[in-house]
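Just below is one structure, and these are the notes that go with it.
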Amino acid sequence: MKAHDLVVLAKRQDPVAWGEAFASMSRDVLIVRYTLLPYLYTLMYEAHAHGNTVVRPMLHEFVTDETTWSIDKQFLWGPALLITPVLDPGATMVRGYVPNARWYDYHTGEAVGVRGQFLNMEAPMDKINLHVRGGHILPWQKAENNTRNSRVNPLGLIVALNDDGSAHGSLFWDDGEGIDTVKTGQFLLTSFTASESALSSRVDANGLAPADRLTLGVVKVWGSGTVPITQVTMSVDGNPNVDLVFKHDPATEVLEFDVTSQHHTLDKTFSISWKTT
């Protein structure tokens, strides 16, 4: 292939070469991927330590649901993130299966309200249909222009409650550069557990250097209920509760609060609870 042909090919793969509108859409999609890197990083640890799969077909999670056995156009990141891509040129609608569980729209935090059936999903070019499975907690970070800058941002949590009002998840974190950090114990492993009105953490391994520690940032609780929430409090290592500023939308059942001001590092346990009227 000639040098000129290589230049033309490279230009065709550059989103900016297709115009600002396309570049903006590409940027939005990449930001979603960067935002979810802590969840993906934790899945990689689970694959290394326990042999779990990172990307898996739906039948791996819903073995008894025969409908999932033949689905090859949807897939999961781990047990919690369902991805329904557009695979047909020019399509603006995609038909996807929603297994029998509580699912939330990743972009809005609202419950889908459908389970165990196929659903027509709008699929404009600037959107990938992502759904979070109830019962799981996903770590995330605000995206920056590279992973080095993203890694220093506070860690956020998406708490997607299931039908029982509970959820669980974990975070694996190391310096992002070292070799054999699991073998040498130079990492942090934190577990998260949520109920209808509380979220708490447990530190399972703490060999992370102080310079690499993360602080807790924005927490989003999906499926928090339609009864107005009046107070959110936080306790660290059993210390007295501190009131947190929060937002709650009873219509969408989305509760959100920002812990950044508390400068809480995740190598310490915490407990956050919320009260209704």
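In the structure tokens, each chain is lettered A, B, ... as it comes, each chain's residues begin at 1, and ligands are numbered from 1 in order of appearance.
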
Hey, which bits of region 96-201 of chain A sit within 9 Å of region 59-68 of chain A, and for each residue what's the closest pair of atoms and how far apart in Å (one decimal), counting only C-alpha atoms, rows by chain and increasing number, as a tab-separated table?
residue	atom	partner	partner_atom	distance
A:Tyr97	CA	A:Thr68	CA	8.0
A:Pro99	CA	A:Phe62	CA	7.4
A:Asn100	CA	A:Phe62	CA	8.3
A:Gly116	CA	A:Asp65	CA	8.6
A:Gln117	CA	A:Thr67	CA	9.0

Residues as selected, C-alpha atoms, written as a CSV table (one decimal), in the first residue's frame, can you do that?
chain,number,residue,atom,x,y,z
A,97,TYR,CA,-34.1,-8.8,24.7
A,99,PRO,CA,-34.1,-10.8,30.7
A,100,ASN,CA,-36.1,-11.4,33.8
A,116,GLY,CA,-38.5,-11.3,30.1
A,117,GLN,CA,-39.4,-9.9,26.7

Could you build a table of the residues in region 57-83 of chain A lying no more than 9 Å from region 132-150 of chain A, giving for each the nearest pair of atoms and their separation in Å rounded to one decimal place, using only C-alpha atoms, ordered by chain and ascending residue number, as JSON lines?
{"residue": "A:Pro79", "atom": "CA", "partner": "A:Arg133", "partner_atom": "CA", "distance": 7.7}
{"residue": "A:Ala80", "atom": "CA", "partner": "A:Arg133", "partner_atom": "CA", "distance": 4.8}
{"residue": "A:Leu81", "atom": "CA", "partner": "A:Val132", "partner_atom": "CA", "distance": 4.8}
{"residue": "A:Leu82", "atom": "CA", "partner": "A:Val132", "partner_atom": "CA", "distance": 6.3}

Mind running region 142-225 of chain A against region 109-114 of chain A at 9 Å and telling me each contacting residue's nearest atom pair with the distance in Å (one decimal), counting only C-alpha atoms, chain and number ascending, as a tab-separated table?
residue	atom	partner	partner_atom	distance
A:Ile158	CA	A:Gly109	CA	9.0
A:Ala160	CA	A:Gly109	CA	8.4
A:Lys220	CA	A:Gly109	CA	8.4
A:Val221	CA	A:Gly109	CA	8.4
A:Trp222	CA	A:Gly109	CA	5.8
A:Gly223	CA	A:Ala111	CA	7.1

Dump of N, CA, C and O atoms for the selected residues, as a PDB file, in the first residue's frame:
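Result went into part13.pdb, see below:
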ATOM      1  N   ILE A 158     -22.540   3.671  41.014  1.00  0.00           N
ATOM      2  CA  ILE A 158     -23.917   3.504  40.571  1.00  0.00           C
ATOM      3  C   ILE A 158     -24.495   2.346  41.365  1.00  0.00           C
ATOM      4  O   ILE A 158     -24.032   1.204  41.250  1.00  0.00           O
ATOM      5  N   ALA A 160     -27.573   0.173  41.744  1.00  0.00           N
ATOM      6  CA  ALA A 160     -28.817  -0.221  41.078  1.00  0.00           C
ATOM      7  C   ALA A 160     -29.514  -1.268  41.940  1.00  0.00           C
ATOM      8  O   ALA A 160     -29.101  -2.434  41.974  1.00  0.00           O
ATOM      9  N   LYS A 220     -24.874   7.490  42.943  1.00  0.00           N
ATOM     10  CA  LYS A 220     -26.223   7.505  42.381  1.00  0.00           C
ATOM     11  C   LYS A 220     -26.929   6.218  42.796  1.00  0.00           C
ATOM     12  O   LYS A 220     -26.422   5.121  42.538  1.00  0.00           O
ATOM     13  N   VAL A 221     -28.072   6.363  43.420  1.00  0.00           N
ATOM     14  CA  VAL A 221     -28.866   5.212  43.848  1.00  0.00           C
ATOM     15  C   VAL A 221     -30.112   5.154  42.981  1.00  0.00           C
ATOM     16  O   VAL A 221     -30.947   6.064  43.017  1.00  0.00           O
ATOM     17  N   TRP A 222     -30.237   4.101  42.196  1.00  0.00           N
ATOM     18  CA  TRP A 222     -31.373   3.923  41.301  1.00  0.00           C
ATOM     19  C   TRP A 222     -32.377   2.954  41.903  1.00  0.00           C
ATOM     20  O   TRP A 222     -32.000   1.926  42.473  1.00  0.00           O
ATOM     21  N   GLY A 223     -33.653   3.314  41.806  1.00  0.00           N
ATOM     22  CA  GLY A 223     -34.691   2.490  42.415  1.00  0.00           C
ATOM     23  C   GLY A 223     -34.868   2.806  43.885  1.00  0.00           C
ATOM     24  O   GLY A 223     -35.259   1.948  44.674  1.00  0.00           O
TER      25      GLY A 223
END

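What separates CA of Ile71 (chain A) from CA of Gly90 (chain A) is a distance of 21.4 Å.
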
Quick one: contact table of region 143-234 of chain A to region 251-267 of chain A, 9 Å max, nearest atom pair and distance in Å to one decimal per residue, counting only C-alpha atoms, chain and number order, as JSON lines?
{"residue": "A:Pro154", "atom": "CA", "partner": "A:Thr260", "partner_atom": "CA", "distance": 7.0}
{"residue": "A:Leu155", "atom": "CA", "partner": "A:Leu266", "partner_atom": "CA", "distance": 8.8}
{"residue": "A:Gly156", "atom": "CA", "partner": "A:Asp258", "partner_atom": "CA", "distance": 8.7}
{"residue": "A:Leu188", "atom": "CA", "partner": "A:Asp267", "partner_atom": "CA", "distance": 7.2}
{"residue": "A:Leu189", "atom": "CA", "partner": "A:Asp267", "partner_atom": "CA", "distance": 8.6}
{"residue": "A:Thr190", "atom": "CA", "partner": "A:Leu266", "partner_atom": "CA", "distance": 7.4}
{"residue": "A:Ser201", "atom": "CA", "partner": "A:Leu266", "partner_atom": "CA", "distance": 8.4}
{"residue": "A:Arg202", "atom": "CA", "partner": "A:Asp267", "partner_atom": "CA", "distance": 8.8}
{"residue": "A:Val203", "atom": "CA", "partner": "A:Asp267", "partner_atom": "CA", "distance": 6.4}
{"residue": "A:Ala205", "atom": "CA", "partner": "A:Asp267", "partner_atom": "CA", "distance": 8.7}
{"residue": "A:Asn206", "atom": "CA", "partner": "A:Asp267", "partner_atom": "CA", "distance": 6.4}
{"residue": "A:Leu208", "atom": "CA", "partner": "A:Asp267", "partner_atom": "CA", "distance": 8.3}
{"residue": "A:Arg213", "atom": "CA", "partner": "A:Thr265", "partner_atom": "CA", "distance": 6.4}
{"residue": "A:Leu214", "atom": "CA", "partner": "A:Thr265", "partner_atom": "CA", "distance": 5.4}
{"residue": "A:Thr215", "atom": "CA", "partner": "A:Thr265", "partner_atom": "CA", "distance": 4.2}
{"residue": "A:Leu216", "atom": "CA", "partner": "A:His264", "partner_atom": "CA", "distance": 5.7}
{"residue": "A:Gly217", "atom": "CA", "partner": "A:Thr260", "partner_atom": "CA", "distance": 4.5}
{"residue": "A:Val218", "atom": "CA", "partner": "A:Asp258", "partner_atom": "CA", "distance": 4.2}
{"residue": "A:Val219", "atom": "CA", "partner": "A:Phe257", "partner_atom": "CA", "distance": 5.5}
{"residue": "A:Lys220", "atom": "CA", "partner": "A:Glu256", "partner_atom": "CA", "distance": 4.5}
{"residue": "A:Val221", "atom": "CA", "partner": "A:Leu255", "partner_atom": "CA", "distance": 5.0}
{"residue": "A:Trp222", "atom": "CA", "partner": "A:Val254", "partner_atom": "CA", "distance": 4.8}
{"residue": "A:Gly223", "atom": "CA", "partner": "A:Glu253", "partner_atom": "CA", "distance": 5.0}
{"residue": "A:Ser224", "atom": "CA", "partner": "A:Glu253", "partner_atom": "CA", "distance": 5.0}
{"residue": "A:Gly225", "atom": "CA", "partner": "A:Glu253", "partner_atom": "CA", "distance": 5.0}
{"residue": "A:Thr226", "atom": "CA", "partner": "A:Glu253", "partner_atom": "CA", "distance": 5.7}
{"residue": "A:Val227", "atom": "CA", "partner": "A:Glu253", "partner_atom": "CA", "distance": 8.6}
{"residue": "A:Ile229", "atom": "CA", "partner": "A:Leu255", "partner_atom": "CA", "distance": 8.3}
{"residue": "A:Val232", "atom": "CA", "partner": "A:Phe257", "partner_atom": "CA", "distance": 8.1}
{"residue": "A:Met234", "atom": "CA", "partner": "A:Val259", "partner_atom": "CA", "distance": 8.7}

May I have the residues from that selection written out with N, CA and C atoms, as a PDB file, in the first residue's frame?
ATOM      1  N   PRO A 154     -12.183  11.513  41.777  1.00  0.00           N
ATOM      2  CA  PRO A 154     -12.911  10.748  42.798  1.00  0.00           C
ATOM      3  C   PRO A 154     -13.692   9.598  42.171  1.00  0.00           C
ATOM      4  N   LEU A 155     -13.851   8.534  42.921  1.00  0.00           N
ATOM      5  CA  LEU A 155     -14.582   7.367  42.436  1.00  0.00           C
ATOM      6  C   LEU A 155     -16.071   7.547  42.697  1.00  0.00           C
ATOM      7  N   GLY A 156     -16.876   7.356  41.662  1.00  0.00           N
ATOM      8  CA  GLY A 156     -18.322   7.372  41.822  1.00  0.00           C
ATOM      9  C   GLY A 156     -18.869   5.957  41.893  1.00  0.00           C
ATOM     10  N   LEU A 188      -5.810  -2.379  46.299  1.00  0.00           N
ATOM     11  CA  LEU A 188      -6.955  -2.185  47.184  1.00  0.00           C
ATOM     12  C   LEU A 188      -8.135  -2.969  46.627  1.00  0.00           C
ATOM     13  N   LEU A 189      -8.794  -3.713  47.470  1.00  0.00           N
ATOM     14  CA  LEU A 189     -10.016  -4.424  47.081  1.00  0.00           C
ATOM     15  C   LEU A 189     -11.094  -4.067  48.100  1.00  0.00           C
ATOM     16  N   THR A 190     -12.121  -3.405  47.610  1.00  0.00           N
ATOM     17  CA  THR A 190     -13.204  -2.927  48.468  1.00  0.00           C
ATOM     18  C   THR A 190     -14.532  -3.499  47.997  1.00  0.00           C
ATOM     19  N   SER A 201     -19.401  -0.080  53.005  1.00  0.00           N
ATOM     20  CA  SER A 201     -18.239  -0.672  52.361  1.00  0.00           C
ATOM     21  C   SER A 201     -17.488  -1.566  53.328  1.00  0.00           C
ATOM     22  N   ARG A 202     -16.667  -2.451  52.748  1.00  0.00           N
ATOM     23  CA  ARG A 202     -15.782  -3.326  53.513  1.00  0.00           C
ATOM     24  C   ARG A 202     -14.457  -3.404  52.768  1.00  0.00           C
ATOM     25  N   VAL A 203     -13.367  -3.226  53.471  1.00  0.00           N
ATOM     26  CA  VAL A 203     -12.046  -3.288  52.856  1.00  0.00           C
ATOM     27  C   VAL A 203     -11.533  -4.713  52.975  1.00  0.00           C
ATOM     28  N   ALA A 205      -8.811  -5.992  51.056  1.00  0.00           N
ATOM     29  CA  ALA A 205      -7.355  -5.995  50.934  1.00  0.00           C
ATOM     30  C   ALA A 205      -6.898  -4.554  50.815  1.00  0.00           C
ATOM     31  N   ASN A 206      -5.831  -4.207  51.532  1.00  0.00           N
ATOM     32  CA  ASN A 206      -5.402  -2.806  51.558  1.00  0.00           C
ATOM     33  C   ASN A 206      -3.886  -2.732  51.520  1.00  0.00           C
ATOM     34  N   LEU A 208      -2.445  -0.748  49.014  1.00  0.00           N
ATOM     35  CA  LEU A 208      -2.230   0.344  48.075  1.00  0.00           C
ATOM     36  C   LEU A 208      -1.419   1.460  48.725  1.00  0.00           C
ATOM     37  N   ARG A 213      -4.310   6.270  46.499  1.00  0.00           N
ATOM     38  CA  ARG A 213      -5.632   6.095  47.092  1.00  0.00           C
ATOM     39  C   ARG A 213      -6.667   6.995  46.418  1.00  0.00           C
ATOM     40  N   LEU A 214      -7.879   6.473  46.334  1.00  0.00           N
ATOM     41  CA  LEU A 214      -8.995   7.197  45.728  1.00  0.00           C
ATOM     42  C   LEU A 214      -9.915   7.757  46.798  1.00  0.00           C
ATOM     43  N   THR A 215     -10.532   8.893  46.479  1.00  0.00           N
ATOM     44  CA  THR A 215     -11.574   9.419  47.353  1.00  0.00           C
ATOM     45  C   THR A 215     -12.939   9.104  46.745  1.00  0.00           C
ATOM     46  N   LEU A 216     -13.937   9.035  47.583  1.00  0.00           N
ATOM     47  CA  LEU A 216     -15.300   8.762  47.132  1.00  0.00           C
ATOM     48  C   LEU A 216     -15.944  10.050  46.645  1.00  0.00           C
ATOM     49  N   GLY A 217     -16.643   9.961  45.500  1.00  0.00           N
ATOM     50  CA  GLY A 217     -17.266  11.139  44.910  1.00  0.00           C
ATOM     51  C   GLY A 217     -18.769  11.039  44.840  1.00  0.00           C
ATOM     52  N   VAL A 218     -19.328  11.098  43.645  1.00  0.00           N
ATOM     53  CA  VAL A 218     -20.774  11.112  43.448  1.00  0.00           C
ATOM     54  C   VAL A 218     -21.329   9.688  43.489  1.00  0.00           C
ATOM     55  N   VAL A 219     -22.379   9.508  44.264  1.00  0.00           N
ATOM     56  CA  VAL A 219     -23.060   8.217  44.373  1.00  0.00           C
ATOM     57  C   VAL A 219     -24.482   8.376  43.847  1.00  0.00           C
ATOM     58  N   LYS A 220     -24.874   7.490  42.943  1.00  0.00           N
ATOM     59  CA  LYS A 220     -26.223   7.505  42.381  1.00  0.00           C
ATOM     60  C   LYS A 220     -26.929   6.218  42.796  1.00  0.00           C
ATOM     61  N   VAL A 221     -28.072   6.363  43.420  1.00  0.00           N
ATOM     62  CA  VAL A 221     -28.866   5.212  43.848  1.00  0.00           C
ATOM     63  C   VAL A 221     -30.112   5.154  42.981  1.00  0.00           C
ATOM     64  N   TRP A 222     -30.237   4.101  42.196  1.00  0.00           N
ATOM     65  CA  TRP A 222     -31.373   3.923  41.301  1.00  0.00           C
ATOM     66  C   TRP A 222     -32.377   2.954  41.903  1.00  0.00           C
ATOM     67  N   GLY A 223     -33.653   3.314  41.806  1.00  0.00           N
ATOM     68  CA  GLY A 223     -34.691   2.490  42.415  1.00  0.00           C
ATOM     69  C   GLY A 223     -34.868   2.806  43.885  1.00  0.00           C
ATOM     70  N   SER A 224     -34.599   4.074  44.253  1.00  0.00           N
ATOM     71  CA  SER A 224     -34.621   4.479  45.670  1.00  0.00           C
ATOM     72  C   SER A 224     -36.026   4.703  46.216  1.00  0.00           C
ATOM     73  N   GLY A 225     -37.058   4.580  45.362  1.00  0.00           N
ATOM     74  CA  GLY A 225     -38.425   4.685  45.850  1.00  0.00           C
ATOM     75  C   GLY A 225     -39.078   6.012  45.521  1.00  0.00           C
ATOM     76  N   THR A 226     -40.408   6.023  45.627  1.00  0.00           N
ATOM     77  CA  THR A 226     -41.186   7.218  45.295  1.00  0.00           C
ATOM     78  C   THR A 226     -41.478   8.086  46.515  1.00  0.00           C
ATOM     79  N   VAL A 227     -41.179   7.586  47.711  1.00  0.00           N
ATOM     80  CA  VAL A 227     -41.394   8.387  48.923  1.00  0.00           C
ATOM     81  C   VAL A 227     -40.246   9.381  49.062  1.00  0.00           C
ATOM     82  N   ILE A 229     -37.181  11.528  50.071  1.00  0.00           N
ATOM     83  CA  ILE A 229     -36.092  11.334  51.028  1.00  0.00           C
ATOM     84  C   ILE A 229     -35.758  12.680  51.657  1.00  0.00           C
ATOM     85  N   VAL A 232     -29.767  12.446  54.252  1.00  0.00           N
ATOM     86  CA  VAL A 232     -28.727  11.467  53.923  1.00  0.00           C
ATOM     87  C   VAL A 232     -27.546  11.737  54.839  1.00  0.00           C
ATOM     88  N   MET A 234     -23.668  10.214  56.594  1.00  0.00           N
ATOM     89  CA  MET A 234     -22.503   9.368  56.345  1.00  0.00           C
ATOM     90  C   MET A 234     -21.686   9.210  57.619  1.00  0.00           C
TER      91      MET A 234
END

**OP:** List every residue of region 33-226 of chain A that DSSP, applied to the backbone of this structure, assigns to strand (DSSP E), and report them as a VMD selection string.
**Re:** chain A and resid 55 to 56 75 to 77 81 to 84 93 to 98 103 to 105 117 to 122 129 to 133 136 to 141 155 to 160 167 to 173 188 to 194 198 to 206 216 to 222

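Closest approach to Met93 (chain A) among A:Leu76, A:Leu43, A:Ala123, A:Ile128: A:Ala123, based on only C-alpha atoms.
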
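The space separating CA of Asp175 (chain A) from CA of Tyr106 (chain A) comes to 27.9 Å.
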
Subject >> Which of region 19-233 of chain A fall in helix (DSSP H, G or I), as an MDAnalysis selection string >> reply: chainID A and resid 20:35 37:50 58:60 66:70 147:150 181:184 210:212

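Interatomic distance, CA of Asp212 (chain A) against CA of Val152 (chain A): 8.0 Å.
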